[in-house]
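Heads up, target39.txt below (compact mmCIF, C-alpha atoms and all ligand atoms):
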# COMPACT_ATOMS: atom_id res chain seq x y z
CA MET V 216 0.00 0.00 0.00
CA ALA V 217 3.02 2.26 -0.33
CA GLU V 218 1.60 4.01 -3.39
CA GLU V 219 -1.72 4.67 -1.65
CA ALA V 220 0.11 6.04 1.40
CA LEU V 221 2.19 8.32 -0.82
CA SER V 222 -0.80 9.55 -2.77
CA LEU V 223 -2.75 10.31 0.42
CA LEU V 224 0.22 12.25 1.77
CA ALA V 225 -0.03 14.40 -1.39
CA ILE V 226 3.69 15.16 -1.33
CA ARG V 227 4.68 18.72 -2.25
CA PRO V 228 8.23 18.96 -3.58
CA ASP V 229 9.02 21.73 -1.10
CA GLY V 230 7.17 20.20 1.87
CA VAL V 231 8.35 18.87 5.22
CA TYR V 232 7.38 15.29 5.99
CA VAL V 233 7.86 12.92 8.89
CA ASP V 234 8.21 9.20 8.37
CA SER V 235 7.77 8.34 12.04
CA THR V 236 8.57 4.64 11.43
CA ALA V 237 11.43 4.72 8.95
CA GLY V 238 12.22 0.99 9.39
CA LEU V 239 14.19 -0.09 6.35
CA GLY V 240 13.67 3.24 4.64
CA GLY V 241 11.14 2.11 2.01
CA HIS V 242 8.60 4.89 2.56
CA THR V 243 11.31 7.42 3.42
CA GLY V 244 12.95 6.82 0.03
CA LEU V 245 9.64 7.11 -1.82
CA ILE V 246 8.93 10.43 -0.12
CA ALA V 247 12.47 11.74 -0.64
CA GLN V 248 12.32 10.93 -4.37
CA ARG V 249 9.39 13.31 -4.74
CA LEU V 250 11.09 16.24 -3.00
CA THR V 251 13.14 19.08 -4.44
CA THR V 252 13.74 21.64 -1.69
CA GLY V 253 11.65 19.70 0.83
CA VAL V 254 12.80 17.54 3.72
CA VAL V 255 11.80 14.19 5.19
CA ILE V 256 12.52 13.43 8.82
CA ALA V 257 13.22 9.69 9.00
CA ASN V 258 12.43 8.71 12.56
CA ASP V 259 12.64 5.29 14.20
CA ARG V 260 13.17 4.25 17.79
CA ASP V 261 15.41 1.41 16.64
CA ALA V 262 18.99 2.60 16.03
CA GLU V 263 19.92 -0.52 14.08
CA SER V 264 16.94 -0.09 11.71
CA LEU V 265 17.72 3.58 11.26
CA GLU V 266 21.21 2.67 10.05
CA LEU V 267 19.64 0.32 7.48
CA ALA V 268 17.27 3.10 6.41
CA ARG V 269 20.24 5.44 6.09
CA ALA V 270 22.07 2.97 3.82
CA ALA V 271 18.98 2.26 1.71
CA THR V 272 18.23 5.93 1.11
CA ALA V 273 21.79 7.23 0.74
CA GLN V 274 21.16 8.60 -2.74
CA TRP V 275 18.64 11.13 -1.35
CA ALA V 276 20.45 11.76 1.93
CA GLY V 277 20.61 15.51 1.27
CA ARG V 278 16.82 15.66 1.69
CA ILE V 279 16.61 13.34 4.72
CA ARG V 280 17.24 13.94 8.42
CA TYR V 281 17.72 10.67 10.30
CA CYS V 282 16.49 10.82 13.89
CA GLN V 283 16.27 8.15 16.55
CA GLY V 284 13.24 8.58 18.77
CA THR V 285 9.82 7.32 19.81
CA PHE V 286 6.39 8.68 18.96
CA SER V 287 6.34 10.20 22.44
CA GLN V 288 9.39 12.27 21.51
CA LEU V 289 8.12 13.32 18.08
CA ARG V 290 7.38 16.94 18.94
CA SER V 291 10.86 17.53 20.34
CA THR V 292 12.44 15.62 17.43
CA ILE V 293 10.70 17.87 14.91
CA GLU V 294 11.54 21.02 16.86
CA ALA V 295 15.18 19.97 17.16
CA GLU V 296 15.25 19.81 13.34
CA GLY V 297 14.03 23.41 13.25
CA PHE V 298 10.35 22.86 12.40
CA GLN V 299 7.17 23.70 14.32
CA LYS V 300 4.68 22.16 11.88
CA VAL V 301 4.97 19.69 9.01
CA ASP V 302 3.03 18.90 5.84
CA GLY V 303 2.64 15.20 6.38
CA LEU V 304 3.12 12.49 8.96
CA LEU V 305 3.29 8.78 8.17
CA ALA V 306 3.21 5.91 10.68
CA ASP V 307 3.56 2.30 9.55
CA LEU V 308 3.11 0.51 12.87
CA GLY V 309 4.61 -2.71 14.21
CA VAL V 310 7.89 -4.43 13.44
CA SER V 311 9.92 -4.44 10.26
CA ARG V 312 10.94 -7.41 8.14
CA PHE V 313 14.47 -6.84 9.39
CA GLN V 314 13.49 -6.96 13.08
CA LEU V 315 11.33 -10.02 12.56
CA ALA V 316 13.28 -12.13 10.10
CA GLU V 317 16.84 -10.90 9.92
CA ALA V 318 17.77 -10.06 13.47
CA PRO V 319 17.58 -13.20 15.66
CA HIS V 320 19.74 -11.41 18.23
CA ARG V 321 16.85 -9.01 18.87
CA GLY V 322 14.51 -11.81 19.95
CA PHE V 323 11.37 -10.89 17.96
CA SER V 324 11.08 -14.16 16.03
CA PHE V 325 9.73 -17.53 17.13
CA LEU V 326 11.37 -19.20 14.13
CA THR V 327 15.01 -18.58 14.97
CA ASP V 328 16.70 -18.92 18.33
CA GLY V 329 17.78 -15.83 20.19
CA PRO V 330 17.59 -14.07 23.53
CA LEU V 331 14.09 -13.18 24.74
CA ASP V 332 14.63 -9.47 24.28
CA MET V 333 12.12 -7.80 21.85
CA ARG V 334 13.12 -4.25 22.76
CA MET V 335 12.92 -1.92 19.76
CA SER V 336 15.37 0.41 21.47
CA GLN V 337 17.95 -0.68 23.96
CA ASP V 338 16.97 2.08 26.40
CA THR V 339 13.55 0.50 27.01
CA GLY V 340 13.41 -0.85 30.57
CA ILE V 341 12.18 -4.43 30.49
CA THR V 342 12.79 -7.34 28.13
CA ALA V 343 10.46 -10.15 27.09
CA ALA V 344 12.48 -12.46 29.36
CA ASP V 345 11.62 -10.24 32.35
CA LEU V 346 7.94 -10.42 31.45
CA VAL V 347 7.69 -14.19 30.91
CA ASN V 348 9.83 -15.11 33.89
CA TYR V 349 8.60 -12.65 36.52
CA THR V 350 4.97 -11.73 35.72
CA ALA V 351 2.28 -13.43 37.83
CA GLU V 352 0.28 -16.06 35.91
CA LYS V 353 -3.01 -14.16 35.86
CA ALA V 354 -1.38 -10.89 34.76
CA LEU V 355 0.53 -12.76 32.05
CA ALA V 356 -2.69 -14.39 30.79
CA ASP V 357 -4.41 -10.98 30.72
CA LEU V 358 -1.51 -9.44 28.83
CA ILE V 359 -1.49 -12.21 26.20
CA PHE V 360 -5.27 -11.99 25.84
CA GLN V 361 -5.57 -8.22 25.69
CA LEU V 362 -2.58 -7.36 23.51
CA GLY V 363 -2.34 -10.55 21.44
CA GLU V 364 -6.09 -11.25 21.19
CA GLU V 365 -5.06 -14.87 21.98
CA ARG V 366 -7.95 -17.01 23.16
CA GLY V 367 -5.68 -19.67 24.62
CA SER V 368 -4.02 -17.11 26.90
CA ARG V 369 -4.77 -18.88 30.19
CA LYS V 370 -3.38 -22.21 29.02
CA ILE V 371 -0.33 -20.47 27.64
CA ALA V 372 0.32 -18.48 30.82
CA ARG V 373 0.02 -21.64 32.90
CA ALA V 374 2.47 -23.51 30.66
CA ILE V 375 4.93 -20.62 30.77
CA VAL V 376 4.86 -20.40 34.56
CA ARG V 377 5.46 -24.19 34.82
CA ALA V 378 8.36 -24.07 32.37
CA ARG V 379 10.22 -21.19 34.03
CA PRO V 380 12.90 -20.10 33.61
CA ILE V 381 12.26 -19.60 29.88
CA LYS V 382 15.63 -19.04 28.33
CA SER V 383 15.24 -18.21 24.64
CA THR V 384 12.81 -17.48 21.82
CA LEU V 385 12.68 -21.09 20.62
CA HIS V 386 12.20 -22.34 24.19
CA LEU V 387 9.18 -20.02 24.55
CA ALA V 388 7.82 -20.96 21.10
CA ASP V 389 8.05 -24.64 22.06
CA VAL V 390 6.26 -24.12 25.40
CA VAL V 391 3.45 -22.16 23.72
CA SER V 392 3.10 -24.63 20.85
CA ARG V 393 2.64 -27.49 23.32
CA ALA V 394 0.00 -25.52 25.26
CA VAL V 395 -2.31 -24.66 22.34
CA PHE V 396 -3.20 -26.25 19.03
CA ARG V 397 -2.40 -24.59 15.77
CA THR V 398 -5.50 -23.03 14.24
CA GLY V 399 -5.48 -21.87 10.65
CA ARG V 400 -2.25 -20.70 9.10
CA LEU V 401 -0.84 -18.92 12.12
CA HIS V 402 2.03 -20.43 14.09
CA PRO V 403 0.66 -21.13 17.60
CA ALA V 404 3.17 -18.70 19.15
CA THR V 405 2.35 -15.77 16.81
CA LYS V 406 -0.07 -13.96 19.09
CA THR V 407 1.91 -14.58 22.28
CA PHE V 408 5.05 -13.14 20.72
CA MET V 409 3.08 -10.17 19.41
CA ALA V 410 1.57 -9.49 22.84
CA LEU V 411 4.97 -9.63 24.55
CA ARG V 412 6.51 -7.34 21.94
CA MET V 413 3.68 -4.84 22.32
CA ALA V 414 4.05 -4.86 26.11
CA VAL V 415 7.85 -4.59 26.12
CA ASN V 416 7.68 -1.55 23.83
CA ASP V 417 4.47 -0.05 25.28
CA GLU V 418 3.04 0.00 21.78
CA PRO V 419 -0.53 0.84 22.87
CA GLY V 420 0.71 3.83 24.90
CA GLU V 421 2.98 4.93 22.07
CA LEU V 422 0.09 4.81 19.58
CA ASP V 423 -2.10 6.85 21.94
CA ARG V 424 0.60 9.50 22.16
CA LEU V 425 1.13 9.50 18.39
CA LEU V 426 -2.59 9.97 17.76
CA ASN V 427 -2.69 12.71 20.38
CA VAL V 428 0.29 14.76 19.24
CA GLY V 429 0.29 13.98 15.49
CA PRO V 430 -2.59 16.28 14.43
CA ASP V 431 -1.06 19.19 16.41
CA LEU V 432 2.18 18.83 14.48
CA LEU V 433 0.49 19.28 11.11
CA ARG V 434 -0.07 22.53 9.26
CA GLN V 435 -3.52 23.33 7.92
CA GLY V 436 -3.97 21.07 4.91
CA GLY V 437 -1.33 18.70 6.32
CA ARG V 438 -2.02 14.97 6.21
CA MET V 439 -1.60 12.10 8.62
CA VAL V 440 -1.51 8.52 7.32
CA VAL V 441 -1.46 5.52 9.65
CA ILE V 442 -1.02 1.88 8.64
CA SER V 443 -1.83 -0.63 11.38
CA PHE V 444 -1.84 -4.42 11.61
CA MET V 445 -3.86 -5.16 14.73
CA SER V 446 -7.61 -4.61 14.96
CA SER V 447 -7.13 -2.94 18.36
CA GLU V 448 -4.78 -0.43 16.74
CA ASP V 449 -7.04 0.24 13.75
CA ARG V 450 -9.94 0.84 16.16
CA LYS V 451 -7.96 3.52 17.98
CA VAL V 452 -6.94 5.20 14.73
CA LYS V 453 -10.53 5.12 13.47
CA GLU V 454 -11.90 6.60 16.71
CA ARG V 455 -9.30 9.36 16.92
CA PHE V 456 -9.80 10.35 13.28
CA ARG V 457 -13.57 10.33 13.71
CA SER V 458 -13.35 12.56 16.75
CA LEU V 459 -11.09 14.98 14.85
CA GLY V 460 -13.77 14.98 12.13
CA ARG V 461 -16.58 15.64 14.63
CA GLU V 462 -14.61 18.52 16.16
CA GLY V 463 -14.21 20.00 12.68
CA ARG V 464 -10.43 19.75 12.97
CA ALA V 465 -9.88 17.30 10.16
CA GLU V 466 -11.43 15.76 7.09
CA ILE V 467 -11.35 11.97 6.89
CA LEU V 468 -9.77 10.94 3.57
CA THR V 469 -10.48 7.21 3.89
CA LYS V 470 -14.15 6.55 4.62
CA HIS V 471 -13.27 2.87 4.88
CA PRO V 472 -9.73 1.70 5.64
CA LEU V 473 -7.64 0.79 2.61
CA GLN V 474 -6.42 -2.81 2.55
CA PRO V 475 -3.79 -4.50 0.41
CA SER V 476 -4.80 -6.10 -2.88
CA GLU V 477 -4.78 -9.90 -3.31
CA GLN V 478 -1.67 -9.45 -5.43
CA GLU V 479 0.15 -7.56 -2.67
CA ILE V 480 -0.90 -10.17 -0.09
CA SER V 481 0.41 -13.03 -2.24
CA HIS V 482 3.68 -11.16 -2.67
CA ASN V 483 3.94 -10.16 1.00
CA PRO V 484 1.70 -12.39 3.21
CA PRO V 485 2.25 -10.47 6.50
CA SER V 486 0.58 -7.46 4.86
CA ARG V 487 -2.73 -9.31 4.87
CA SER V 488 -4.01 -7.62 8.04
CA ALA V 489 -2.82 -4.10 7.16
CA LYS V 490 -5.31 -1.23 7.28
CA LEU V 491 -4.56 2.29 6.16
CA ARG V 492 -6.41 5.42 7.30
CA ALA V 493 -5.74 9.06 6.54
CA VAL V 494 -6.95 12.52 7.58
CA MET V 495 -6.30 16.06 6.38
CA ILE V 496 -6.15 18.86 8.92
CA ASN V 497 -8.80 21.42 8.03
CA GLY V 498 -8.04 24.77 6.51
CA VAL V 499 -6.14 26.09 3.55
CA SER V 500 -2.62 24.79 3.03
CA GLU V 501 -0.05 27.44 4.04
C1 LIG X 1 6.56 -1.82 9.84
S1 LIG X 1 8.13 -1.13 10.23
C2 LIG X 1 8.26 0.22 9.13
C3 LIG X 1 8.76 -0.13 7.77
C4 LIG X 1 9.01 1.10 6.90
N1 LIG X 1 7.81 1.82 6.62
C5 LIG X 1 9.73 0.75 5.60
O1 LIG X 1 9.25 1.21 4.54
O2 LIG X 1 10.75 0.08 5.63
C6 LIG X 1 7.82 -0.32 11.75
C7 LIG X 1 8.99 0.44 12.32
O3 LIG X 1 8.47 1.30 13.32
C8 LIG X 1 9.36 1.38 14.39
N2 LIG X 1 8.58 1.76 15.56
C9 LIG X 1 7.62 1.03 16.16
N3 LIG X 1 7.10 1.72 17.20
C10 LIG X 1 7.75 2.91 17.23
C11 LIG X 1 7.63 4.06 18.07
N4 LIG X 1 6.79 4.08 19.09
N5 LIG X 1 8.42 5.11 17.82
C12 LIG X 1 9.29 5.09 16.76
N6 LIG X 1 9.45 4.03 15.95
C13 LIG X 1 8.67 2.95 16.17
C14 LIG X 1 9.97 0.00 14.47
O4 LIG X 1 11.24 0.05 15.09
C15 LIG X 1 10.05 -0.42 13.00
O5 LIG X 1 11.31 -0.14 12.45
Can you turn what I pasted into structure tokens?
Ligand SMILES: C[S@@+](CC[C@H](N)C(=O)[O-])C[C@H]1O[C@@H](n2cnc3c(N)ncnc32)[C@H](O)[C@@H]1O
Amino acid sequence: MAEEALSLLAIRPDGVYVDSTAGLGGHTGLIAQRLTTGVVIANDRDAESLELARAATAQWAGRIRYCQGTFSQLRSTIEAEGFQKVDGLLADLGVSRFQLAEAPHRGFSFLTDGPLDMRMSQDTGITAADLVNYTAEKALADLIFQLGEERGSRKIARAIVRARPIKSTLHLADVVSRAVFRTGRLHPATKTFMALRMAVNDEPGELDRLLNVGPDLLRQGGRMVVISFMSSEDRKVKERFRSLGREGRAEILTKHPLQPSEQEISHNPPSRSAKLRAVMINGVSE
């Protein structure tokens, strides 16, 4: 859905844009290509990813400012780059292909062995190992249910507590796989790993802060585009955008969320649950 995201951002060659989740630099590069005198702030909380984004977008580096930071820090990041307001803000939530599939040392994947870490930035307090080994069973079950939408959460939490100490990603994946049956195409540990990752990185709190501050950072006529992968995240985006619409602060550009085509899904299966929503801040563009 990169093209849809780009077209909803309505890039002006002299505009200032924020790619708040630069990841591997895919969207950052697409924005930068369309700029002349404009600038794109490539932000990611993950220093390792930001270096990959820097390498992937080197040919447009003159138009890109690379910044490490979280959504919570976005206002100060933008101000530190000398801007008060921007023309567009993009957020492509979740983890990148690199974090999931190419960085076993980061502990996001249940397919390759690694430490139970899952921190997107090394300054985050707790790791996934802390959560699985020290959280009380009931709280662990609630976390897996609420963040991972995993119906087998109680069985999983019980199995985890019995198997402690859990030492690595494959150890955890094995414990979870024995506790619940595989349903459909998902690996049985998918939702548990997602829930732990979301908790370690306070992803729900980060999204709340992004949705709160994002519209204030945009000029009149500026656009905010959010791509999410979890229904709980899409619900929050939908509600925030609707309330901006009711307050007369923004116009909703996507009456229904955009979803990837069958062709895109077959090419990139993890994109199957992606939903894209966009708003434009009301008023005449400055
Ligand atoms: C789906 S990937 C983005 C991929 C990117 N759009 C591309 O084209 O390569 C999501 C990225 O967002 C980053 N991220 C997640 N939560 C964040 C937050 N709260 N603040 C800043 N970056 C965040 C992750 O580190 C990850 O690199």
Need the neighbours of (1.4, 5.9, 7.7): which residues are at most 7 Å away, counting only C-alpha atoms, as an NGL selection string?
:V and (220 or 304-307 or 439-442)
Can you sort out the box for stretch 240-257 of chain V, edges along x, y and z, all listed atoms in, 5 Å on every side, with centre and edge lengths in Å to one decimal, as AutoDock Vina command-line options?
--center_x 11.2 --center_y 11.9 --center_z 2.1 --size_x 15.1 --size_y 29.5 --size_z 23.7
Taking only C-alpha atoms and all ligand atoms into account, which residues have an atom no farther than 6 Å from ligand LIG 1 (chain X)? I'd like them as a VMD selection string.
chain V and resid 235 to 242 259 to 261 264 284 to 286 307 to 311 335 421
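Closest approach to V:Glu454 among V:Asn348, V:Ser222, V:Asp423, V:Thr292: V:Asp423, based on only C-alpha atoms.
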Using all atoms listed in the file: which of V:Gly436, V:Gly244, V:Pro472, V:Gly340 has the shortest distance to V:Asp417
V:Gly340
Would you list the residues near (-15.9, 2.8, 10.1), meaning any protein, DNA or RNA residue with an atom at most 10 Å from that point in file coordinates, counting all atoms listed in the file, as a CSV table (one decimal) with C-alpha atoms, in the frame of the given file?
chain,number,residue,atom,x,y,z
V,449,ASP,CA,-7.0,0.2,13.8
V,450,ARG,CA,-9.9,0.8,16.2
V,453,LYS,CA,-10.5,5.1,13.5
V,454,GLU,CA,-11.9,6.6,16.7
V,457,ARG,CA,-13.6,10.3,13.7
V,469,THR,CA,-10.5,7.2,3.9
V,470,LYS,CA,-14.2,6.6,4.6
V,471,HIS,CA,-13.3,2.9,4.9
V,472,PRO,CA,-9.7,1.7,5.6
Against stretch 317-322 of chain V, which residues of stretch 383-454 of chain V fall within 12 Å? For each one I want the closest pair of atoms and the distance in Å (one decimal), counting all atoms listed in the file, rows by chain and increasing residue number, as a tab-separated table.
residue	atom	partner	partner_atom	distance
V:Ser383	CA	V:Gly322	CA	8.0
V:Thr384	CA	V:Gly322	CA	6.2
V:Leu385	CA	V:Gly322	CA	9.5
V:His386	CA	V:Gly322	CA	11.6
V:Leu387	CA	V:Gly322	CA	10.8
V:Ala388	CA	V:Gly322	CA	11.4
V:Phe408	CA	V:Gly322	CA	9.6
V:Met409	CA	V:Gly322	CA	11.6
V:Leu411	CA	V:Gly322	CA	10.8
V:Arg412	CA	V:Gly322	CA	9.4
V:Val415	CA	V:Gly322	CA	11.6
Set the distance at 12 Å and use all atoms listed in the file: which residues neighbour stretch 360-362 of chain V once local chain neighbours fewer than 2 positions away are removed? I'd like the list as a VMD selection string.
chain V and resid 353 to 358 364 to 372 405 to 420 445 to 448
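Nearest to V:Pro484 of all the residues V:Arg269, V:Arg227, V:Arg280, V:Arg312 is V:Arg312, counting only C-alpha atoms.
Considering the residues V:Pro485, V:Val494, V:Phe298, V:Arg461 and counting only C-alpha atoms, V:Ala316 has its shortest atom-to-atom contact with V:Pro485.
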So that I can see what lies close to V:Glu219, please list as a count of residues only the residues with an atom at most 10 Å from it, counting all atoms listed in the file and leaving out residues fewer than 5 positions away in the same chain.
7
In terms of only C-alpha atoms, the residue from V:Arg455, V:Asp302, V:Gly277, V:Ala489 at minimal distance from V:Leu425 is V:Arg455
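In this model, the gap between atom CA of V:Ala378 and atom CA of V:Arg400 comes to 25.8 Å.
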Selected residue, from V:Gln435, V:Gln248, V:Gln288, V:Ser392, that lies nearest to V:Met495 when counting all atoms listed in the file
V:Gln435
In Å, how far is it from atom CA of V:Gly303 to atom CA of V:Tyr232?
4.8 Å
